[in-house]
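First the structure, in the form of structure tokens, and then the observations on it.
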Amino acid sequence: MTDKPKKQYDIAAIMNENINVMRDVVPWANETRFRVTKVEKGHVWGIQPWAEHLVGDPETGVIHGGVITTFLDNLSGMACTAAMTQLRFVATIDLRIDYMRPATQGLDIIGEAECYHLTRTVCFTRAWAYHETRDRLIASSQGTFAINKPRFGGGKSGK
């Protein structure tokens with residue numbers, strides 16, 4: 001008995017076609033109101049708008065570092081999915097964030113993430129948060145993500 005060949009898909013193209021829906025499935029992304037702006041194979045861009053409810057220091061108006069971490073984590077996970085040829089969900093194993101400078105009050109943050117390597121079970125990513133260009137880097141990250149087994153019908157194992 002031979003296994004059926006698995007269908008290959010252009011996941012990045014599917015994600016790009018459904019770009020406005022992607023944020024809606026992640027509750028924290030809804031709360032922070034970030035949006036994905038572009039998806040290519042293994043690469044995702046987004047914007048985290050500045051908002052009063054995301055401020056971590058009321059005296060300076062700087063967005064809380066946890067918001068930036070969440071933003072880069074979400075974009076990195078999406079970049080992993082966009083690198084695949086079969087739809088799989090990923091889970092963060094490890095995420096390292098290096099903060100270079102605080103975000104400027106009132107300015108949107110641009111985010112960019114790439115999945116630069118895939119194995120059968122793990123994805124490896126790099127990501128950046130900045131104003132206008134990467135020359136105004138706020139933070140960068142490096143992460144590893146577990147590739148979950150496919151799930152079918154309400155979370156039961158795949159039969």
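Just so we're on the same page: first chain in the structure tokens is A, next is B, and so on; residues restart at 1 for each chain, and ligands are numbered from 1 in the order they show up.
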How close does each residue of range 42-102 of chain A get to range 128-137 of chain A, giving the shortest atom pair and distance in Å to one decimal for every residue with an atom at most 9 Å away, counting only C-alpha atoms, sorted by chain and residue number, as JSON lines?
{"residue": "A:Ile68", "atom": "CA", "partner": "A:Ala129", "partner_atom": "CA", "distance": 7.4}
{"residue": "A:Phe71", "atom": "CA", "partner": "A:Ala129", "partner_atom": "CA", "distance": 8.5}
{"residue": "A:Leu72", "atom": "CA", "partner": "A:Trp128", "partner_atom": "CA", "distance": 7.1}
{"residue": "A:Tyr99", "atom": "CA", "partner": "A:Leu137", "partner_atom": "CA", "distance": 8.6}
{"residue": "A:Met100", "atom": "CA", "partner": "A:Leu137", "partner_atom": "CA", "distance": 6.6}
{"residue": "A:Arg101", "atom": "CA", "partner": "A:Leu137", "partner_atom": "CA", "distance": 7.3}
Per residue of range 88-149 of chain A within 7 Å of range 41-59 of chain A, note the shortest atom pair and the distance in Å to one decimal, counting only C-alpha atoms, and order the rows by chain and increasing residue number, as JSON lines.
{"residue": "A:Gly106", "atom": "CA", "partner": "A:Trp50", "partner_atom": "CA", "distance": 5.5}
{"residue": "A:Leu107", "atom": "CA", "partner": "A:Trp50", "partner_atom": "CA", "distance": 5.8}
{"residue": "A:Asp108", "atom": "CA", "partner": "A:Pro49", "partner_atom": "CA", "distance": 4.4}
{"residue": "A:Ile109", "atom": "CA", "partner": "A:Gln48", "partner_atom": "CA", "distance": 5.0}
{"residue": "A:Ile110", "atom": "CA", "partner": "A:Ile47", "partner_atom": "CA", "distance": 4.6}
{"residue": "A:Gly111", "atom": "CA", "partner": "A:Gly46", "partner_atom": "CA", "distance": 5.0}
{"residue": "A:Glu112", "atom": "CA", "partner": "A:Trp45", "partner_atom": "CA", "distance": 4.4}
{"residue": "A:Ala113", "atom": "CA", "partner": "A:Val44", "partner_atom": "CA", "distance": 5.3}
{"residue": "A:Glu114", "atom": "CA", "partner": "A:His43", "partner_atom": "CA", "distance": 4.4}
{"residue": "A:Cys115", "atom": "CA", "partner": "A:Gly42", "partner_atom": "CA", "distance": 5.0}
Which residue gives the smallest distance to Thr81 in chain A among A:Thr32, A:Leu118, A:Asp24, A:Ser140, with only C-alpha atoms counted?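 The shortest atom-to-atom distance to Thr81 in chain A comes from A:Leu118.
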Mind checking which residues fall within 8 Å of Leu87 in chain A, counting only C-alpha atoms, ignoring those fewer than 3 positions away in the same chain, and posting them as a VMD selection string? chain A and resid 9 11 81 84 150
For those residues, write N, CA, C and O atoms to a file as a PDB file, in the first residue's frame.
ATOM      1  N   TYR A   9       0.496  23.388  -2.191  1.00  0.00           N
ATOM      2  CA  TYR A   9      -0.249  24.629  -2.394  1.00  0.00           C
ATOM      3  C   TYR A   9       0.698  25.813  -2.320  1.00  0.00           C
ATOM      4  O   TYR A   9       1.745  25.755  -1.684  1.00  0.00           O
ATOM      5  N   ILE A  11       0.781  28.495  -0.394  1.00  0.00           N
ATOM      6  CA  ILE A  11       0.168  29.015   0.839  1.00  0.00           C
ATOM      7  C   ILE A  11       0.300  30.531   0.903  1.00  0.00           C
ATOM      8  O   ILE A  11      -0.635  31.226   1.312  1.00  0.00           O
ATOM      9  N   THR A  81       4.246  29.839   8.084  1.00  0.00           N
ATOM     10  CA  THR A  81       3.148  29.253   7.323  1.00  0.00           C
ATOM     11  C   THR A  81       3.284  29.602   5.839  1.00  0.00           C
ATOM     12  O   THR A  81       3.079  28.760   4.966  1.00  0.00           O
ATOM     13  N   MET A  84       5.526  27.340   3.645  1.00  0.00           N
ATOM     14  CA  MET A  84       5.171  25.935   3.443  1.00  0.00           C
ATOM     15  C   MET A  84       4.360  25.710   2.166  1.00  0.00           C
ATOM     16  O   MET A  84       3.824  26.646   1.590  1.00  0.00           O
ATOM     17  N   PRO A 150      -1.049  18.187  11.063  1.00  0.00           N
ATOM     18  CA  PRO A 150      -2.345  18.661  10.551  1.00  0.00           C
ATOM     19  C   PRO A 150      -3.477  18.244  11.486  1.00  0.00           C
ATOM     20  O   PRO A 150      -3.443  17.169  12.065  1.00  0.00           O
TER      21      PRO A 150
END
Find, counting only C-alpha atoms, the residue in A:Ile19, A:Val26, A:Val39, A:Ala127 that gets nearest to Asp73 in chain A.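 With only C-alpha atoms as the atom set, the closest residue is A:Ala127.
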Per residue of range 88-130 of chain A within 7 Å of range 62-67 of chain A, what are the shortest atom pair and its distance in Å to one decimal, counting only C-alpha atoms, with rows by chain and residue number, as CSV?
residue,atom,partner,partner_atom,distance
A:Pro102,CA,A:Val62,CA,6.6
A:Ala103,CA,A:Val62,CA,5.9
A:Thr104,CA,A:Val62,CA,6.2
A:Gln105,CA,A:Val62,CA,5.2
As a PyMOL selection string, which residues of chain A does DSSP assign to alpha helix (DSSP H)? chain A and resi 11-17+19-22+27-32+65-83
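Nearest to Trp28 in chain A of all the residues A:Thr144, A:Thr70, A:Ala79, A:Tyr116 is A:Thr70, counting only C-alpha atoms.
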All strand (DSSP E or B) residues (DSSP, backbone) inside chain A, as an NGL selection string: :A and (35-40 or 43-48 or 55-57 or 62-63 or 90-99 or 109-118 or 122-130 or 137-147 or 151-152 or 156-157)
Please save C-alpha atoms of the selected residues as a PDB file, in the first residue's frame.
ATOM      1  CA  ARG A  35      -2.591  44.382  10.124  1.00  0.00           C
ATOM      2  CA  VAL A  36      -0.730  42.332   7.570  1.00  0.00           C
ATOM      3  CA  THR A  37       0.086  44.330   4.456  1.00  0.00           C
ATOM      4  CA  LYS A  38       1.882  41.850   2.206  1.00  0.00           C
ATOM      5  CA  VAL A  39       2.706  38.142   2.029  1.00  0.00           C
ATOM      6  CA  GLU A  40       5.274  36.391  -0.146  1.00  0.00           C
ATOM      7  CA  HIS A  43       8.032  36.585   4.086  1.00  0.00           C
ATOM      8  CA  VAL A  44       5.332  38.715   5.754  1.00  0.00           C
ATOM      9  CA  TRP A  45       5.017  42.491   6.285  1.00  0.00           C
ATOM     10  CA  GLY A  46       2.668  44.349   8.588  1.00  0.00           C
ATOM     11  CA  ILE A  47       1.865  47.579  10.405  1.00  0.00           C
ATOM     12  CA  GLN A  48       1.277  48.072  14.112  1.00  0.00           C
ATOM     13  CA  VAL A  55       1.233  52.824  25.555  1.00  0.00           C
ATOM     14  CA  GLY A  56       3.562  51.389  28.188  1.00  0.00           C
ATOM     15  CA  ASP A  57       4.904  54.686  29.556  1.00  0.00           C
ATOM     16  CA  VAL A  62       5.996  54.904  23.963  1.00  0.00           C
ATOM     17  CA  ILE A  63       4.264  51.677  22.930  1.00  0.00           C
ATOM     18  CA  VAL A  90       3.018  26.632  14.062  1.00  0.00           C
ATOM     19  CA  ALA A  91       3.708  27.315  17.733  1.00  0.00           C
ATOM     20  CA  THR A  92       6.475  29.468  19.153  1.00  0.00           C
ATOM     21  CA  ILE A  93       9.286  27.454  20.732  1.00  0.00           C
ATOM     22  CA  ASP A  94      11.670  30.339  21.339  1.00  0.00           C
ATOM     23  CA  LEU A  95      11.703  34.027  20.465  1.00  0.00           C
ATOM     24  CA  ARG A  96      14.588  36.350  21.235  1.00  0.00           C
ATOM     25  CA  ILE A  97      13.984  40.099  20.977  1.00  0.00           C
ATOM     26  CA  ASP A  98      16.703  42.732  20.849  1.00  0.00           C
ATOM     27  CA  TYR A  99      15.405  46.260  21.499  1.00  0.00           C
ATOM     28  CA  ILE A 109       5.556  50.571  13.494  1.00  0.00           C
ATOM     29  CA  ILE A 110       6.390  48.603  10.364  1.00  0.00           C
ATOM     30  CA  GLY A 111       7.156  44.928  10.815  1.00  0.00           C
ATOM     31  CA  GLU A 112       8.813  42.437   8.534  1.00  0.00           C
ATOM     32  CA  ALA A 113       9.443  38.732   9.156  1.00  0.00           C
ATOM     33  CA  GLU A 114      11.117  35.998   7.152  1.00  0.00           C
ATOM     34  CA  CYS A 115      11.277  32.255   7.549  1.00  0.00           C
ATOM     35  CA  TYR A 116      14.800  31.499   6.393  1.00  0.00           C
ATOM     36  CA  HIS A 117      14.933  27.755   7.094  1.00  0.00           C
ATOM     37  CA  LEU A 118      12.476  24.858   7.448  1.00  0.00           C
ATOM     38  CA  VAL A 122      10.849  23.331  13.019  1.00  0.00           C
ATOM     39  CA  CYS A 123      10.891  26.747  11.297  1.00  0.00           C
ATOM     40  CA  PHE A 124      13.580  29.392  11.855  1.00  0.00           C
ATOM     41  CA  THR A 125      12.780  33.104  11.549  1.00  0.00           C
ATOM     42  CA  ARG A 126      14.175  36.624  11.678  1.00  0.00           C
ATOM     43  CA  ALA A 127      12.041  39.747  12.062  1.00  0.00           C
ATOM     44  CA  TRP A 128      12.386  43.519  12.342  1.00  0.00           C
ATOM     45  CA  ALA A 129      10.259  46.360  13.737  1.00  0.00           C
ATOM     46  CA  TYR A 130      11.053  49.877  12.556  1.00  0.00           C
ATOM     47  CA  LEU A 137      15.232  49.921  13.734  1.00  0.00           C
ATOM     48  CA  ILE A 138      13.251  49.606  16.960  1.00  0.00           C
ATOM     49  CA  ALA A 139      13.719  45.889  17.561  1.00  0.00           C
ATOM     50  CA  SER A 140      14.779  42.698  15.852  1.00  0.00           C
ATOM     51  CA  SER A 141      13.978  39.099  16.686  1.00  0.00           C
ATOM     52  CA  GLN A 142      15.061  35.591  15.957  1.00  0.00           C
ATOM     53  CA  GLY A 143      12.721  32.686  16.571  1.00  0.00           C
ATOM     54  CA  THR A 144      12.065  28.988  16.273  1.00  0.00           C
ATOM     55  CA  PHE A 145       8.591  27.574  15.709  1.00  0.00           C
ATOM     56  CA  ALA A 146       7.287  24.007  15.985  1.00  0.00           C
ATOM     57  CA  ILE A 147       5.371  22.775  12.958  1.00  0.00           C
ATOM     58  CA  ARG A 151      -5.627  18.833  12.437  1.00  0.00           C
ATOM     59  CA  PHE A 152      -8.932  17.791  10.971  1.00  0.00           C
ATOM     60  CA  LYS A 156      -9.225  15.334  16.635  1.00  0.00           C
ATOM     61  CA  SER A 157      -6.186  13.569  15.253  1.00  0.00           C
TER      62      SER A 157
END
Residue nearest Ala13 in chain A - candidates A:Thr85, A:Asn30, A:Ser76, A:Thr119, atoms counted: only C-alpha atoms: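 Ranked by minimum distance to Ala13 in chain A, first place goes to A:Thr85.
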Counting only C-alpha atoms, the residue among A:Asn74, A:Thr60, A:Thr121, A:Gln86 that lies closest to Asp10 in chain A is A:Gln86
